file coords.txt (compact mmCIF, C-alpha atoms)
# COMPACT_ATOMS: atom_id res chain seq x y z
CA MET A 1 -5.81 -4.90 -69.88
CA GLN A 2 -3.27 -7.38 -68.55
CA GLN A 3 -2.11 -9.98 -71.05
CA PRO A 4 -2.24 -13.63 -69.97
CA ALA A 5 1.13 -15.22 -69.31
CA LYS A 6 2.64 -16.88 -72.37
CA PRO A 7 3.99 -20.43 -72.14
CA SER A 8 7.47 -19.01 -72.83
CA GLN A 9 7.18 -16.81 -69.71
CA TRP A 10 6.35 -19.84 -67.58
CA THR A 11 9.24 -21.81 -69.13
CA HIS A 12 11.63 -18.92 -68.53
CA SER A 13 10.47 -18.66 -64.89
CA LEU A 14 10.89 -22.43 -64.43
CA ALA A 15 14.43 -22.29 -65.84
CA LYS A 16 15.31 -19.34 -63.58
CA SER A 17 13.87 -21.03 -60.49
CA LEU A 18 15.73 -24.27 -61.29
CA LEU A 19 18.94 -22.24 -61.46
CA VAL A 20 18.39 -21.55 -57.76
CA VAL A 21 16.69 -24.81 -56.74
CA VAL A 22 18.85 -27.47 -58.45
CA PRO A 23 22.29 -26.30 -57.22
CA THR A 24 20.93 -25.59 -53.72
CA TYR A 25 19.23 -28.99 -53.41
CA SER A 26 22.24 -30.78 -54.96
CA LEU A 27 24.82 -29.12 -52.69
CA ALA A 28 22.63 -29.64 -49.63
CA ALA A 29 22.10 -33.32 -50.48
CA TYR A 30 25.84 -33.80 -51.06
CA GLY A 31 26.64 -32.09 -47.78
CA ALA A 32 24.02 -34.07 -45.84
CA LEU A 33 24.99 -37.43 -47.33
CA SER A 34 28.72 -36.83 -46.87
CA ALA A 35 28.25 -36.27 -43.14
CA GLU A 36 29.24 -39.10 -40.80
CA SER A 37 25.67 -39.14 -39.46
CA SER A 38 23.52 -38.07 -42.37
CA ASN A 39 21.02 -35.32 -41.59
CA LEU A 40 18.59 -37.03 -43.96
CA THR A 41 18.01 -39.63 -41.26
CA MET A 42 16.88 -37.01 -38.74
CA GLY A 43 13.30 -36.49 -39.79
CA GLY A 44 10.48 -38.74 -40.71
CA SER A 45 11.04 -41.48 -38.15
CA THR A 46 8.00 -40.44 -36.08
CA ILE A 47 6.05 -38.58 -38.80
CA PRO A 48 3.98 -40.58 -41.32
CA PRO A 49 5.29 -39.68 -44.82
CA ILE A 50 1.91 -38.45 -46.12
CA ILE A 51 1.47 -36.14 -43.10
CA GLY A 52 5.04 -34.94 -43.52
CA ALA A 53 4.38 -34.23 -47.19
CA LEU A 54 1.29 -32.14 -46.44
CA VAL A 55 3.07 -30.21 -43.68
CA VAL A 56 6.11 -29.50 -45.86
CA ILE A 57 4.00 -28.26 -48.78
CA LEU A 58 1.81 -26.11 -46.51
CA PHE A 59 4.79 -24.58 -44.69
CA THR A 60 6.68 -24.07 -47.95
CA LEU A 61 3.72 -22.03 -49.12
CA THR A 62 3.12 -20.08 -45.89
CA HIS A 63 6.72 -19.63 -44.74
CA GLY A 64 8.66 -19.62 -48.02
CA VAL A 65 6.44 -18.39 -50.85
CA VAL A 66 3.80 -16.08 -49.36
CA PRO A 67 6.26 -13.86 -47.41
CA VAL A 68 7.95 -12.83 -50.68
CA PHE A 69 4.69 -11.10 -51.65
CA PHE A 70 3.80 -10.16 -48.07
CA TYR A 71 6.98 -8.12 -47.58
CA ARG A 72 6.42 -6.38 -50.91
CA PHE A 73 2.96 -5.23 -49.80
CA PHE A 74 4.52 -3.83 -46.63
CA PHE A 75 7.04 -1.86 -48.64
CA GLN A 76 4.33 -0.55 -50.96
CA GLY A 77 2.37 0.77 -47.99
CA LEU A 78 5.47 2.37 -46.48
CA GLU A 79 6.45 4.01 -49.77
CA SER A 80 2.96 5.42 -50.35
CA GLY A 81 3.05 7.17 -46.96
CA LYS A 82 6.40 8.90 -47.38
CA GLY A 83 4.99 12.13 -48.79
CA GLY A 84 3.83 13.50 -45.43
CA GLU A 85 5.43 15.43 -42.62
CA ALA A 86 8.98 14.88 -41.36
CA LYS A 87 7.71 13.27 -38.14
CA THR A 88 5.62 10.83 -40.13
CA ASN A 89 8.57 10.08 -42.40
CA SER A 90 10.70 9.35 -39.35
CA SER A 91 8.16 6.75 -38.20
CA LEU A 92 7.97 5.28 -41.69
CA ASN A 93 11.77 5.11 -41.89
CA LEU A 94 11.79 3.21 -38.60
CA ALA A 95 9.09 0.87 -39.93
CA THR A 96 11.11 0.36 -43.13
CA VAL A 97 14.19 -0.58 -41.09
CA PHE A 98 12.10 -3.02 -39.04
CA VAL A 99 10.57 -4.68 -42.15
CA ASN A 100 14.01 -4.95 -43.79
CA LEU A 101 15.47 -6.47 -40.63
CA HIS A 102 12.56 -8.89 -40.23
CA MET A 103 12.86 -9.96 -43.88
CA THR A 104 16.62 -10.46 -43.49
CA VAL A 105 16.19 -12.61 -40.38
CA TRP A 106 13.16 -14.53 -41.74
CA TYR A 107 15.13 -15.78 -44.74
CA GLY A 108 18.61 -15.52 -43.23
CA PHE A 109 18.02 -18.18 -40.59
CA PRO A 110 16.91 -20.83 -43.12
CA ILE A 111 19.91 -20.02 -45.34
CA LEU A 112 22.33 -20.41 -42.42
CA GLY A 113 20.39 -23.29 -40.85
CA LEU A 114 20.43 -25.32 -44.06
CA ALA A 115 24.11 -24.56 -44.58
CA ALA A 116 24.97 -25.64 -41.02
CA MET A 117 23.11 -28.94 -41.50
CA THR A 118 24.81 -29.68 -44.84
CA HIS A 119 28.49 -28.89 -44.18
CA TRP A 120 28.00 -25.31 -45.47
CA TYR A 121 28.04 -26.39 -49.13
CA SER A 122 24.70 -24.75 -49.93
CA LEU A 123 25.99 -21.40 -48.66
CA ILE A 124 28.60 -21.39 -51.44
CA TRP A 125 25.91 -21.14 -54.12
CA VAL A 126 23.92 -18.51 -52.23
CA ALA A 127 27.01 -16.31 -51.81
CA LEU A 128 28.18 -16.83 -55.39
CA HIS A 129 24.74 -16.10 -56.85
CA LEU A 130 24.38 -12.91 -54.79
CA ILE A 131 27.85 -11.71 -55.80
CA LEU A 132 27.21 -12.37 -59.51
CA ALA A 133 23.72 -10.80 -59.48
CA LYS A 134 23.18 -7.31 -60.87
CA LYS A 135 23.20 -4.55 -58.28
CA HIS A 136 19.41 -4.02 -58.28
CA HIS A 137 18.68 -7.74 -58.35
CA ARG A 138 20.50 -8.76 -55.16
CA ARG A 139 17.57 -8.28 -52.80
CA TRP A 140 15.42 -10.38 -55.12
CA MET A 141 18.13 -13.10 -55.26
CA TYR A 142 18.28 -13.09 -51.46
CA LEU A 143 14.51 -13.59 -51.22
CA GLU A 144 14.58 -16.36 -53.80
CA HIS A 145 17.42 -18.21 -52.09
CA GLY A 146 15.78 -17.67 -48.70
CA SER A 147 12.49 -19.20 -49.82
CA THR A 148 14.35 -22.12 -51.43
CA CYS A 149 16.40 -22.78 -48.29
CA MET A 150 13.24 -22.55 -46.19
CA ALA A 151 11.62 -25.21 -48.41
CA LEU A 152 14.63 -27.52 -48.28
CA LEU A 153 15.13 -27.10 -44.55
CA LEU A 154 11.51 -28.13 -43.99
CA PHE A 155 12.08 -31.13 -46.21
CA ILE A 156 15.23 -32.27 -44.38
CA ILE A 157 13.63 -31.86 -40.95
CA THR A 158 10.53 -33.83 -41.95
CA PHE A 159 11.78 -36.61 -44.23
CA ALA A 160 14.07 -39.50 -43.38
CA GLY A 161 16.19 -41.10 -46.06
CA GLY A 162 13.90 -44.12 -46.28
CA ASP A 163 10.87 -41.92 -47.02
CA LEU A 164 12.32 -40.23 -50.10
CA PHE A 165 10.59 -42.50 -52.62
CA PRO A 166 8.00 -41.88 -53.88
CA ILE A 167 6.45 -39.23 -51.60
CA GLY A 168 9.68 -37.30 -50.98
CA ILE A 169 10.29 -36.90 -54.71
CA ALA A 170 6.71 -35.66 -55.18
CA VAL A 171 7.29 -33.09 -52.43
CA VAL A 172 10.47 -31.84 -54.14
CA PHE A 173 8.52 -31.53 -57.40
CA LEU A 174 5.70 -29.58 -55.74
CA GLN A 175 8.18 -27.36 -53.89
CA SER A 176 9.88 -26.60 -57.21
CA LEU A 177 6.53 -25.58 -58.69
CA LEU A 178 5.83 -23.26 -55.74
CA LEU A 179 9.28 -21.69 -56.10
CA THR A 180 8.63 -21.26 -59.83
CA ILE A 181 5.52 -19.25 -58.93
CA VAL A 182 7.75 -17.03 -56.77
CA GLU A 183 10.02 -16.42 -59.78
CA TRP A 184 7.11 -16.02 -62.20
CA LYS A 185 4.90 -13.69 -60.18
CA GLY A 186 7.26 -12.18 -57.61
CA LYS A 187 10.35 -11.10 -59.51
CA ASP A 188 8.82 -8.15 -61.39
CA TYR A 189 7.38 -6.86 -58.12
CA TRP A 190 10.81 -6.58 -56.56
CA ILE A 191 12.98 -5.65 -59.56
CA GLU A 192 10.61 -2.85 -60.63
CA GLN A 193 10.35 -1.62 -57.04
CA VAL A 194 14.13 -1.33 -56.66
CA GLU A 195 14.84 0.13 -60.08
CA THR A 196 12.17 2.84 -59.92
CA ASN A 197 13.46 4.22 -56.59

call {"tool": "encode", "arguments": {"input": "coords.txt", "output": "structure tokens"}}
result
Amino acid sequence: MQQPAKPSQWTHSLAKSLLVVVPTYSLAAYGALSAESSNLTMGGSTIPPIIGALVVILFTLTHGVVPVFFYRFFFQGLESGKGGEAKTNSSLNLATVFVNLHMTVWYGFPILGLAAMTHWYSLIWVALHLILAKKHHRRWMYLEHGSTCMALLLFIITFAGGDLFPIGIAVVFLQSLLLTIVEWKGKDYWIEQVETN
């Protein structure tokens, strides 16, 4: 029987997610605000703040959080079918390459897109965190940074500087909670999967 999550597990997950979220958001904000024409003035001018908030939260969930679990289910299905004939394995290997490539592109574009919009400062933390991560944790770190960059990119595109208070701050808070769920419920999926292969 599965034990309910202890408060300490949630706190640990929150701390771990903030280790990704806070530096990424801080470096991106510094990069955006230090630009001659701040990227924080791009969004929000034609989008009502409350609509923008709902869209950002929804897309953070569907495009940043859910795919972390979605890709894992794909890999589980591919792994379970690898005991068959060589021809079948060849097809599964091709499918595995496709899923890996799709996952890389899905989160790679937000990482690079956010970096390009913020003078590349946010990319420093992504690269440093991936380099410092343990060997079997790098794919997980990539997914976590990818979902965080997806969330922040959505935020920058949707919100103008004048809309940051109070709705923008609430969105950042809710995004941080969603990214904490990724750390809390997603990490063991990926770390166990890599280490048992």

call {"tool": "closest_residue", "arguments": {"input": "coords.txt", "among": "A:Ile111, A:Leu54, A:Leu27, A:Ala95", "to": "Phe74 of chain A", "atoms": "all atoms listed in the file"}}
result
A:Ala95

call {"tool": "axis_aligned_box", "arguments": {"input": "coords.txt", "around": "segment 95-105 of chain A", "padding_each_side": "5 Å", "output": "lines of an AutoDock Vina configuration file"}}
result
center_x = 12.9
center_y = -5.9
center_z = -41.5
size_x = 17.5
size_y = 23.5
size_z = 14.8

call {"tool": "closest_residue", "arguments": {"input": "coords.txt", "among": "A:Thr62, A:Thr96, A:Ser34, A:Thr104", "to": "His119 of chain A", "atoms": "all atoms listed in the file"}}
result
A:Ser34

call {"tool": "residues_around", "arguments": {"input": "coords.txt", "residues": "His102 of chain A", "least_positions_apart": "4", "cutoff": "12 Å", "atoms": "only C-alpha atoms", "output": "list in words"}}
result
Pro67, Phe70, Tyr71, Phe74, Ala95, Thr96, Val97, Phe98, Trp106, Tyr107, Gly108 and Phe109 of chain A

call {"tool": "residues_near_point", "arguments": {"input": "coords.txt", "point": "(22.0, -30.3, -49.2)", "cutoff": "9 Å", "atoms": "all atoms listed in the file", "output": "compact mmCIF listing (two decimals) with C-alpha atoms, keeping the file's coordinate frame"}}
result
# COMPACT_ATOMS: atom_id res chain seq x y z
CA PRO A 23 22.29 -26.30 -57.22
CA THR A 24 20.93 -25.59 -53.72
CA TYR A 25 19.23 -28.99 -53.41
CA SER A 26 22.24 -30.78 -54.96
CA LEU A 27 24.82 -29.12 -52.69
CA ALA A 28 22.63 -29.64 -49.63
CA ALA A 29 22.10 -33.32 -50.48
CA TYR A 30 25.84 -33.80 -51.06
CA GLY A 31 26.64 -32.09 -47.78
CA ALA A 32 24.02 -34.07 -45.84
CA LEU A 33 24.99 -37.43 -47.33
CA LEU A 114 20.43 -25.32 -44.06
CA ALA A 115 24.11 -24.56 -44.58
CA MET A 117 23.11 -28.94 -41.50
CA THR A 118 24.81 -29.68 -44.84
CA HIS A 119 28.49 -28.89 -44.18
CA TRP A 120 28.00 -25.31 -45.47
CA TYR A 121 28.04 -26.39 -49.13
CA SER A 122 24.70 -24.75 -49.93
CA LEU A 152 14.63 -27.52 -48.28
CA LEU A 153 15.13 -27.10 -44.55
CA ILE A 156 15.23 -32.27 -44.38

call {"tool": "closest_residue", "arguments": {"input": "coords.txt", "among": "A:Phe155, A:Phe73, A:Trp10, A:Phe173", "to": "Val22 of chain A", "atoms": "all atoms listed in the file"}}
result
A:Phe173

call {"tool": "residues_near_point", "arguments": {"input": "coords.txt", "point": "(9.9, -25.2, -52.0)", "cutoff": "9 Å", "atoms": "all atoms listed in the file", "output": "list of chain:residue names"}}
result
A:Val21, A:Val56, A:Ile57, A:Phe59, A:Thr60, A:Leu61, A:Gly64, A:Val65, A:Ser147, A:Thr148, A:Cys149, A:Met150, A:Ala151, A:Leu152, A:Leu154, A:Phe155, A:Val171, A:Val172, A:Phe173, A:Leu174, A:Gln175, A:Ser176, A:Leu177, A:Leu178, A:Leu179, A:Thr180

call {"tool": "atom_distance", "arguments": {"input": "coords.txt", "atom1": "atom CA of Ala127 of chain A", "atom2": "atom CA of Pro110 of chain A"}}
result
14.1 Å

call {"tool": "atom_distance", "arguments": {"input": "coords.txt", "atom1": "atom CA of Val66 of chain A", "atom2": "atom CA of Ile181 of chain A"}}
result
10.2 Å

call {"tool": "closest_residue", "arguments": {"input": "coords.txt", "among": "A:Tyr189, A:Phe75, A:Phe165, A:Trp184", "to": "Met103 of chain A", "atoms": "all atoms listed in the file"}}
result
A:Phe75

call {"tool": "atom_distance", "arguments": {"input": "coords.txt", "atom1": "atom CA of His136 of chain A", "atom2": "atom CA of Val68 of chain A"}}
result
16.3 Å

call {"tool": "closest_residue", "arguments": {"input": "coords.txt", "among": "A:Gly146, A:His137, A:Val99, A:Lys16", "to": "Gly77 of chain A", "atoms": "only C-alpha atoms"}}
result
A:Val99

call {"tool": "residues_around", "arguments": {"input": "coords.txt", "residues": "Gly186 of chain A", "least_positions_apart": "3", "cutoff": "9 Å", "atoms": "only C-alpha atoms", "output": "ChimeraX atom specification"}}
result
/A:68-69,72,140,181-183,189-191

call {"tool": "decode", "arguments": {"input": "coords.txt", "residues": "segment 36-158 of chain A", "atoms": "C-alpha atoms", "output": "PDB file, in the first residue's frame"}}
result
ATOM      1  CA  GLU A  36      17.124  48.517 -24.440  1.00  0.00           C
ATOM      2  CA  SER A  37      13.524  47.613 -25.291  1.00  0.00           C
ATOM      3  CA  SER A  38      12.373  45.386 -22.463  1.00  0.00           C
ATOM      4  CA  ASN A  39      10.705  42.155 -23.551  1.00  0.00           C
ATOM      5  CA  LEU A  40       8.376  42.508 -20.572  1.00  0.00           C
ATOM      6  CA  THR A  41       6.544  45.210 -22.503  1.00  0.00           C
ATOM      7  CA  MET A  42       5.791  42.866 -25.403  1.00  0.00           C
ATOM      8  CA  GLY A  43       2.794  41.009 -24.072  1.00  0.00           C
ATOM      9  CA  GLY A  44      -0.342  41.991 -22.324  1.00  0.00           C
ATOM     10  CA  SER A  45      -1.122  45.182 -24.230  1.00  0.00           C
ATOM     11  CA  THR A  46      -4.038  43.580 -26.093  1.00  0.00           C
ATOM     12  CA  ILE A  47      -4.797  40.730 -23.660  1.00  0.00           C
ATOM     13  CA  PRO A  48      -6.851  41.444 -20.512  1.00  0.00           C
ATOM     14  CA  PRO A  49      -4.698  40.412 -17.502  1.00  0.00           C
ATOM     15  CA  ILE A  50      -7.246  37.920 -16.120  1.00  0.00           C
ATOM     16  CA  ILE A  51      -7.551  36.177 -19.517  1.00  0.00           C
ATOM     17  CA  GLY A  52      -3.771  36.166 -19.827  1.00  0.00           C
ATOM     18  CA  ALA A  53      -3.480  34.636 -16.364  1.00  0.00           C
ATOM     19  CA  LEU A  54      -5.891  31.813 -17.198  1.00  0.00           C
ATOM     20  CA  VAL A  55      -4.175  31.111 -20.528  1.00  0.00           C
ATOM     21  CA  VAL A  56      -0.707  31.064 -18.955  1.00  0.00           C
ATOM     22  CA  ILE A  57      -1.762  28.690 -16.162  1.00  0.00           C
ATOM     23  CA  LEU A  58      -3.599  26.388 -18.588  1.00  0.00           C
ATOM     24  CA  PHE A  59      -0.706  26.282 -21.057  1.00  0.00           C
ATOM     25  CA  THR A  60       1.836  25.840 -18.260  1.00  0.00           C
ATOM     26  CA  LEU A  61      -0.110  22.764 -17.242  1.00  0.00           C
ATOM     27  CA  THR A  62      -0.700  21.339 -20.734  1.00  0.00           C
ATOM     28  CA  HIS A  63       2.589  22.325 -22.394  1.00  0.00           C
ATOM     29  CA  GLY A  64       5.026  22.370 -19.465  1.00  0.00           C
ATOM     30  CA  VAL A  65       3.851  19.986 -16.748  1.00  0.00           C
ATOM     31  CA  VAL A  66       1.780  17.237 -18.392  1.00  0.00           C
ATOM     32  CA  PRO A  67       4.372  16.349 -21.094  1.00  0.00           C
ATOM     33  CA  VAL A  68       6.880  15.358 -18.379  1.00  0.00           C
ATOM     34  CA  PHE A  69       4.532  12.503 -17.446  1.00  0.00           C
ATOM     35  CA  PHE A  70       3.305  11.983 -21.009  1.00  0.00           C
ATOM     36  CA  TYR A  71       6.792  11.232 -22.340  1.00  0.00           C
ATOM     37  CA  ARG A  72       7.412   8.842 -19.460  1.00  0.00           C
ATOM     38  CA  PHE A  73       4.301   6.828 -20.376  1.00  0.00           C
ATOM     39  CA  PHE A  74       5.579   6.619 -23.950  1.00  0.00           C
ATOM     40  CA  PHE A  75       8.912   5.264 -22.774  1.00  0.00           C
ATOM     41  CA  GLN A  76       7.198   2.739 -20.503  1.00  0.00           C
ATOM     42  CA  GLY A  77       5.200   1.404 -23.436  1.00  0.00           C
ATOM     43  CA  LEU A  78       8.282   1.218 -25.642  1.00  0.00           C
ATOM     44  CA  GLU A  79      10.314  -0.577 -22.968  1.00  0.00           C
ATOM     45  CA  SER A  80       7.580  -3.136 -22.313  1.00  0.00           C
ATOM     46  CA  GLY A  81       7.538  -4.121 -25.999  1.00  0.00           C
ATOM     47  CA  LYS A  82      11.267  -4.691 -26.403  1.00  0.00           C
ATOM     48  CA  GLY A  83      11.177  -8.404 -25.617  1.00  0.00           C
ATOM     49  CA  GLY A  84       9.858  -9.448 -29.029  1.00  0.00           C
ATOM     50  CA  GLU A  85      11.406 -10.203 -32.387  1.00  0.00           C
ATOM     51  CA  ALA A  86      14.318  -8.287 -33.906  1.00  0.00           C
ATOM     52  CA  LYS A  87      12.046  -6.642 -36.484  1.00  0.00           C
ATOM     53  CA  THR A  88       9.736  -5.426 -33.745  1.00  0.00           C
ATOM     54  CA  ASN A  89      12.707  -4.169 -31.745  1.00  0.00           C
ATOM     55  CA  SER A  90      13.908  -2.236 -34.778  1.00  0.00           C
ATOM     56  CA  SER A  91      10.537  -0.463 -34.979  1.00  0.00           C
ATOM     57  CA  LEU A  92      10.590   0.207 -31.244  1.00  0.00           C
ATOM     58  CA  ASN A  93      14.124   1.590 -31.474  1.00  0.00           C
ATOM     59  CA  LEU A  94      12.960   3.945 -34.211  1.00  0.00           C
ATOM     60  CA  ALA A  95       9.987   4.985 -32.062  1.00  0.00           C
ATOM     61  CA  THR A  96      12.329   5.545 -29.097  1.00  0.00           C
ATOM     62  CA  VAL A  97      14.554   7.802 -31.225  1.00  0.00           C
ATOM     63  CA  PHE A  98      11.484   9.742 -32.387  1.00  0.00           C
ATOM     64  CA  VAL A  99      10.147  10.213 -28.819  1.00  0.00           C
ATOM     65  CA  ASN A 100      13.593  11.307 -27.584  1.00  0.00           C
ATOM     66  CA  LEU A 101      13.905  13.764 -30.467  1.00  0.00           C
ATOM     67  CA  HIS A 102      10.387  15.116 -29.933  1.00  0.00           C
ATOM     68  CA  MET A 103      11.046  15.548 -26.200  1.00  0.00           C
ATOM     69  CA  THR A 104      14.337  17.326 -26.922  1.00  0.00           C
ATOM     70  CA  VAL A 105      12.707  19.735 -29.373  1.00  0.00           C
ATOM     71  CA  TRP A 106       9.561  20.270 -27.246  1.00  0.00           C
ATOM     72  CA  TYR A 107      11.599  21.541 -24.305  1.00  0.00           C
ATOM     73  CA  GLY A 108      14.653  22.721 -26.244  1.00  0.00           C
ATOM     74  CA  PHE A 109      12.805  25.464 -28.112  1.00  0.00           C
ATOM     75  CA  PRO A 110      11.456  27.101 -24.919  1.00  0.00           C
ATOM     76  CA  ILE A 111      14.928  26.941 -23.327  1.00  0.00           C
ATOM     77  CA  LEU A 112      16.520  28.624 -26.349  1.00  0.00           C
ATOM     78  CA  GLY A 113      13.555  30.940 -26.965  1.00  0.00           C
ATOM     79  CA  LEU A 114      13.593  32.251 -23.402  1.00  0.00           C
ATOM     80  CA  ALA A 115      17.365  32.668 -23.522  1.00  0.00           C
ATOM     81  CA  ALA A 116      17.171  34.595 -26.817  1.00  0.00           C
ATOM     82  CA  MET A 117      14.544  36.952 -25.359  1.00  0.00           C
ATOM     83  CA  THR A 118      16.543  37.599 -22.172  1.00  0.00           C
ATOM     84  CA  HIS A 119      20.098  38.204 -23.442  1.00  0.00           C
ATOM     85  CA  TRP A 120      20.952  34.496 -22.965  1.00  0.00           C
ATOM     86  CA  TYR A 121      21.358  34.845 -19.191  1.00  0.00           C
ATOM     87  CA  SER A 122      18.868  32.081 -18.389  1.00  0.00           C
ATOM     88  CA  LEU A 123      20.831  29.632 -20.544  1.00  0.00           C
ATOM     89  CA  ILE A 124      23.810  29.988 -18.179  1.00  0.00           C
ATOM     90  CA  TRP A 125      21.869  28.384 -15.325  1.00  0.00           C
ATOM     91  CA  VAL A 126      20.428  25.625 -17.514  1.00  0.00           C
ATOM     92  CA  ALA A 127      23.898  24.684 -18.810  1.00  0.00           C
ATOM     93  CA  LEU A 128      25.514  24.905 -15.370  1.00  0.00           C
ATOM     94  CA  HIS A 129      22.795  22.831 -13.714  1.00  0.00           C
ATOM     95  CA  LEU A 130      23.009  20.131 -16.398  1.00  0.00           C
ATOM     96  CA  ILE A 131      26.811  19.980 -16.117  1.00  0.00           C
ATOM     97  CA  LEU A 132      26.713  19.712 -12.308  1.00  0.00           C
ATOM     98  CA  ALA A 133      23.910  17.109 -12.270  1.00  0.00           C
ATOM     99  CA  LYS A 134      24.712  13.445 -11.673  1.00  0.00           C
ATOM    100  CA  LYS A 135      25.052  11.362 -14.817  1.00  0.00           C
ATOM    101  CA  HIS A 136      21.672   9.617 -14.472  1.00  0.00           C
ATOM    102  CA  HIS A 137      19.892  12.812 -13.459  1.00  0.00           C
ATOM    103  CA  ARG A 138      20.684  14.930 -16.524  1.00  0.00           C
ATOM    104  CA  ARG A 139      17.644  13.944 -18.552  1.00  0.00           C
ATOM    105  CA  TRP A 140      15.447  14.761 -15.566  1.00  0.00           C
ATOM    106  CA  MET A 141      17.195  18.151 -15.139  1.00  0.00           C
ATOM    107  CA  TYR A 142      16.620  18.879 -18.826  1.00  0.00           C
ATOM    108  CA  LEU A 143      12.899  18.139 -18.483  1.00  0.00           C
ATOM    109  CA  GLU A 144      12.626  20.261 -15.360  1.00  0.00           C
ATOM    110  CA  HIS A 145      14.407  23.225 -16.930  1.00  0.00           C
ATOM    111  CA  GLY A 146      12.401  22.786 -20.122  1.00  0.00           C
ATOM    112  CA  SER A 147       9.071  22.921 -18.287  1.00  0.00           C
ATOM    113  CA  THR A 148      10.254  25.945 -16.287  1.00  0.00           C
ATOM    114  CA  CYS A 149      11.382  27.804 -19.414  1.00  0.00           C
ATOM    115  CA  MET A 150       8.089  26.923 -21.111  1.00  0.00           C
ATOM    116  CA  ALA A 151       6.212  28.450 -18.161  1.00  0.00           C
ATOM    117  CA  LEU A 152       8.308  31.612 -18.109  1.00  0.00           C
ATOM    118  CA  LEU A 153       8.199  32.055 -21.876  1.00  0.00           C
ATOM    119  CA  LEU A 154       4.402  31.916 -21.737  1.00  0.00           C
ATOM    120  CA  PHE A 155       4.462  34.486 -18.963  1.00  0.00           C
ATOM    121  CA  ILE A 156       6.725  36.916 -20.855  1.00  0.00           C
ATOM    122  CA  ILE A 157       4.699  36.619 -24.060  1.00  0.00           C
ATOM    123  CA  THR A 158       1.399  37.235 -22.261  1.00  0.00           C
TER     124      THR A 158
END
